[in-house]
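Written below as structure tokens is the structure these notes are about.
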Protein chains: 2
Amino acid sequence: MANIQQVAKRAGVSVATVSRVLNGHDKVTAKTKLKVEEAIQHLNYEPSMLGRNLRNSESRIVLILIPTISNPFYFEIIKGIENMALSQNYSILLCETDSKPEKEEIYFDLVRKKMADGIISMDPAVNVETLKELAEHYAIIQCSEYGGGIGIPYVTIDSEEASYRAVKHLIQIGHKKIALMNSDEKFLYARERRMGYERALREHEIPVNGDYIFYTQELGFEQGQMAMKKILRLEDRPTAVFAVSDLLAIGALKEITAAGLHVPNDVAVVGFDKIDFSNMTNPALTTVAQPMYKMGTVAARMLIEKIQGKTVDSVVLGHELVIRESTTG
Amino acid sequence: MANIQQVAKRAGVSVATVSRVLNGHDKVTAKTKLKVEEAIQHLNYEPSMLGRNLRNSESRIVLILIPTISNPFYFEIIKGIENMALSQNYSILLCETDSKPEKEEIYFDLVRKKMADGIISMDPAVNVETLKELAEHYAIIQCSEYGGGIGIPYVTIDSEEASYRAVKHLIQIGHKKIALMNSDEKFLYARERRMGYERALREHEIPVNGDYIFYTQELGFEQGQMAMKKILRLEDRPTAVFAVSDLLAIGALKEITAAGLHVPNDVAVVGFDKIDFSNMTNPALTTVAQPMYKMGTVAARMLIEKIQGKTVDSVVLGHELVIRESTTG
DNA sequence: GATGAAAATGTAAACGATTTCATTTCACAA
DNA sequence: TTGTGAAATGAAATCGTTTACATTTTCATC
């Protein structure tokens, strides 16, 4: 494991010159460049990021904060972030918080200790106070989930509108009794999605029925099953369900089928996110597609600009309703 | 952003003493310790990993190489690795290779440049030559997928035996015409799983029928669908399918249902891996459970020991057949 | 109060790069 | 040949820690 000194020695030049060759900087004579390159080759030299990072006061690592890696919703976003980051010579540290403040704190510490240059937060349960405080000193971007009005740039979609369109689709194919499977309204997106749901109903003069709205603690398959069980027990059973995540919707599918009912003939189902699996279920799931890959690249670009000291503005991206078997048979 | 010098100055001690307090090293008088802690508090000091890492010639980062993040098979393994790593103050860099040598090379470079202290490779398509070469200088562990006999420690399960048991289960519930949906036999695990399949058949005096063995390029849902289409077209149609991944099996499920057939009455299906989704399908999938979380923790522990210069031995963990609706109705 | 060993603290040299500023080399014109 | 300015190169500081070694302090003992 040679270092820059040894390369310099072998090439008969100073370390400064080696560094210049390494970084393609300034002007270096073709002849010296050749000598240096020969030395690098011969010694099998690889510049150490440790030295370089210390000198440059940067780590070239960005943190991605997600609640759990098991939620496929994050896949494409992560890919987007990764590719953009890679193209700018950043690496990504994927951090699962399990929505636990202790784990979150471990990762926040990583940026305080300069192990990371910035954070892309996708955890809806993130501690907003700490995040705000951190944002005063470090580069932070919120992706997909965001606390509004806290001065941290975000990239997201218009949840209210997306939700509105999903419900409108159900109404247009004839449904009037539409249940909403929402997550806890402490999350902004949950409040927005309920508003979209209600707007669609009101617009078609369908009264909003509180009994048709269900809240779940998490957005997983089991929560979807449990909520669906309750829905199926209602005396005036809904003919359609709009779930705010695909996993919830897939749980609903399973439960409806288990009850001997048919999707969409007895109960239609709409999900949200268009995760890969939404296409693998029986029947395939109608869902709202978020431009996840794009969100990732945009978030990464914003973060890198922030790291470079630029000011960046929040971005709202478009979305799309993907109609499949779970509503149209 | 204060540094250790400023803390030392304010506390009226030397940087060495501050460092000692920081690391809970040696003996420091309670009084000086207090002074130092006051200074740290007051200056809001956080030790920089950049300096520390350079000095210690380590990055405290480990690389995880996976072909793609979209395969849920890796979730639990990653969680296992992450938790073990975290407990030892390591962070993990999740690296998607897309099974492309170029991307792989980017990540290999990260360890050559000391940005990472070691690698846990889970990519079956990894370039074994490069890996071997790298293993001479750096800490490397293979997890789940491994090239045998290349001198790199691995943790895995007994694929042949697991496969044998899965097929035996199908035979025991009355099947004789059992198709195998395997991946390319350039992978060791694919060869092993075919051997287990054949052993089970031979043991029950069922001839091995080459027409019943299908190879897929990847282990995804679409490949499962395509292979199943072919299987359904066979004149003497199998009554059961053993797929070497859950995603393949889920593709098969979808295709069987689409053909108007019933699982398991017309065709029984067994998968491999017990990913979360194997429980969410209709019907739920019979599958071979790998102890993924355990594999992760074991791999991480092995890697850390390797980093510390110890010699470590390969490990073979147990597995379990999980019988669900796709074979027993 | 002097002594000496043990305990606490300090000094300064790493770790491996980048970069500012000073110095040398070079090409060319006088 | 000499002088000049530009181009190429080098010397040394710097980034923020840790730690081997040197030095000072402490304190029980005589």
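Identifiers for the structure tokens are assigned positionally: chains receive A, B, ... in sequence, residues are indexed from 1 per chain, and ligands are indexed from 1 in the order shown.
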> Could you name the residues that touch region 160-177 of chain A at 7 Å or less, counting only C-alpha atoms (C1' of nucleotides), but leaving out those on the same chain fewer than 3 positions away, as a PyMOL selection string?
Replying inline: chain A and resi 192-193+195-197+199-200+206+238-240+242+288+319+321
>> I'd like the contact shell of region 8-24 of chain A - 6 Å cut-off, only C-alpha atoms (C1' of nucleotides), skipping same-chain residues fewer than 4 positions apart - returned as a list in words.
In response: Lys35, Val36 and Ala39 of chain A
>> I'd like the interatomic distance between CA of Asp117 (chain B) and CA of Ser48 (chain A), to a tenth of an Å.
In response: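 According to the coordinates, CA of Asp117 (chain B) and CA of Ser48 (chain A) are separated by 12.0 Å.
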> Excluding same-chain residues fewer than 5 positions from Gly224 (chain A), what lies within 7 Å of it counting only C-alpha atoms (C1' of nucleotides), as a ChimeraX atom specification?
Replying inline: /A:247-249,251-252
Residues of chain B at most 8 Å from chain D: nearest atom pair and distance in Å, only C-alpha atoms (C1' of nucleotides), as JSON lines:
{"residue": "B:Asn3", "atom": "CA", "partner": "D:DG16", "partner_atom": "C1'", "distance": 6.8}
{"residue": "B:Ile4", "atom": "CA", "partner": "D:DG16", "partner_atom": "C1'", "distance": 7.1}
{"residue": "B:Ala16", "atom": "CA", "partner": "D:DT18", "partner_atom": "C1'", "distance": 7.9}
{"residue": "B:Ser19", "atom": "CA", "partner": "D:DT18", "partner_atom": "C1'", "distance": 7.3}
{"residue": "B:Ser48", "atom": "CA", "partner": "D:DG16", "partner_atom": "C1'", "distance": 6.5}
{"residue": "B:Leu50", "atom": "CA", "partner": "D:DG16", "partner_atom": "C1'", "distance": 7.1}
{"residue": "B:Gly51", "atom": "CA", "partner": "D:DG16", "partner_atom": "C1'", "distance": 4.2}
{"residue": "B:Arg52", "atom": "CA", "partner": "D:DT17", "partner_atom": "C1'", "distance": 4.4}
{"residue": "B:Asn53", "atom": "CA", "partner": "D:DT17", "partner_atom": "C1'", "distance": 7.8}
{"residue": "B:Leu54", "atom": "CA", "partner": "D:DT17", "partner_atom": "C1'", "distance": 7.7}
{"residue": "B:Arg55", "atom": "CA", "partner": "D:DT17", "partner_atom": "C1'", "distance": 6.0}
{"residue": "B:Asn56", "atom": "CA", "partner": "D:DT18", "partner_atom": "C1'", "distance": 7.4}
For the residues in the current selection, export N, CA and C atoms as a PDB file, in the first residue's frame.
ATOM      1  N   ASN B   3     -12.707  22.347  16.808  1.00  0.00           N
ATOM      2  CA  ASN B   3     -11.878  21.147  16.718  1.00  0.00           C
ATOM      3  C   ASN B   3     -11.234  20.858  18.072  1.00  0.00           C
ATOM      4  N   ILE B   4     -10.474  19.810  18.077  1.00  0.00           N
ATOM      5  CA  ILE B   4      -9.950  19.356  19.368  1.00  0.00           C
ATOM      6  C   ILE B   4      -8.997  20.375  19.994  1.00  0.00           C
ATOM      7  N   ALA B  16      -3.966  15.916  23.780  1.00  0.00           N
ATOM      8  CA  ALA B  16      -3.855  14.504  24.152  1.00  0.00           C
ATOM      9  C   ALA B  16      -4.877  14.174  25.230  1.00  0.00           C
ATOM     10  N   SER B  19      -8.327  14.030  23.843  1.00  0.00           N
ATOM     11  CA  SER B  19      -8.484  12.777  23.121  1.00  0.00           C
ATOM     12  C   SER B  19      -8.729  11.634  24.103  1.00  0.00           C
ATOM     13  N   SER B  48     -14.235  14.910  14.694  1.00  0.00           N
ATOM     14  CA  SER B  48     -14.349  14.647  13.260  1.00  0.00           C
ATOM     15  C   SER B  48     -13.831  13.259  12.924  1.00  0.00           C
ATOM     16  N   LEU B  50     -13.140  12.376  10.077  1.00  0.00           N
ATOM     17  CA  LEU B  50     -12.162  12.484   9.009  1.00  0.00           C
ATOM     18  C   LEU B  50     -10.763  12.398   9.583  1.00  0.00           C
ATOM     19  N   GLY B  51     -10.520  13.201  10.619  1.00  0.00           N
ATOM     20  CA  GLY B  51      -9.223  13.164  11.262  1.00  0.00           C
ATOM     21  C   GLY B  51      -8.951  11.814  11.892  1.00  0.00           C
ATOM     22  N   ARG B  52      -9.938  11.365  12.610  1.00  0.00           N
ATOM     23  CA  ARG B  52      -9.771  10.100  13.302  1.00  0.00           C
ATOM     24  C   ARG B  52      -9.530   8.942  12.335  1.00  0.00           C
ATOM     25  N   ASN B  53     -10.294   8.922  11.276  1.00  0.00           N
ATOM     26  CA  ASN B  53     -10.142   7.827  10.326  1.00  0.00           C
ATOM     27  C   ASN B  53      -8.775   7.824   9.663  1.00  0.00           C
ATOM     28  N   LEU B  54      -8.305   9.005   9.324  1.00  0.00           N
ATOM     29  CA  LEU B  54      -6.982   9.072   8.711  1.00  0.00           C
ATOM     30  C   LEU B  54      -5.942   8.534   9.686  1.00  0.00           C
ATOM     31  N   ARG B  55      -6.014   9.058  10.896  1.00  0.00           N
ATOM     32  CA  ARG B  55      -5.038   8.644  11.900  1.00  0.00           C
ATOM     33  C   ARG B  55      -5.086   7.122  12.126  1.00  0.00           C
ATOM     34  N   ASN B  56      -6.279   6.593  12.174  1.00  0.00           N
ATOM     35  CA  ASN B  56      -6.410   5.161  12.453  1.00  0.00           C
ATOM     36  C   ASN B  56      -6.348   4.285  11.193  1.00  0.00           C
TER      37      ASN B  56
END
>> Quick check, in Å to one decimal: how far apart do CA of Asn71 (chain A) and CA of Gly220 (chain A) lie?
In response: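 So the answer is 8.0 Å.
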Select from chain C every residue with an atom at most 7 Å from any atom of chain A, then for each give the shortest pair of atoms and their distance in Å to one decimal, using only C-alpha atoms (C1' of nucleotides), rows by chain and rising number, as CSV.
residue,atom,partner,partner_atom,distance
C:DG16,C1',A:Gly51,CA,4.2
C:DA17,C1',A:Gly51,CA,4.3
C:DT18,C1',A:Arg55,CA,6.3
Could you take the residues named above and write them with C-alpha atoms (C1' of nucleotides), as a PDB file, in the first residue's frame?
ATOM      1  C1'  DG C  16      -1.988  10.880   3.439  1.00  0.00           C
ATOM      2  C1'  DA C  17      -3.549  13.857   0.832  1.00  0.00           C
ATOM      3  C1'  DT C  18      -4.085  19.190  -1.327  1.00  0.00           C
TER       4       DT C  18
END
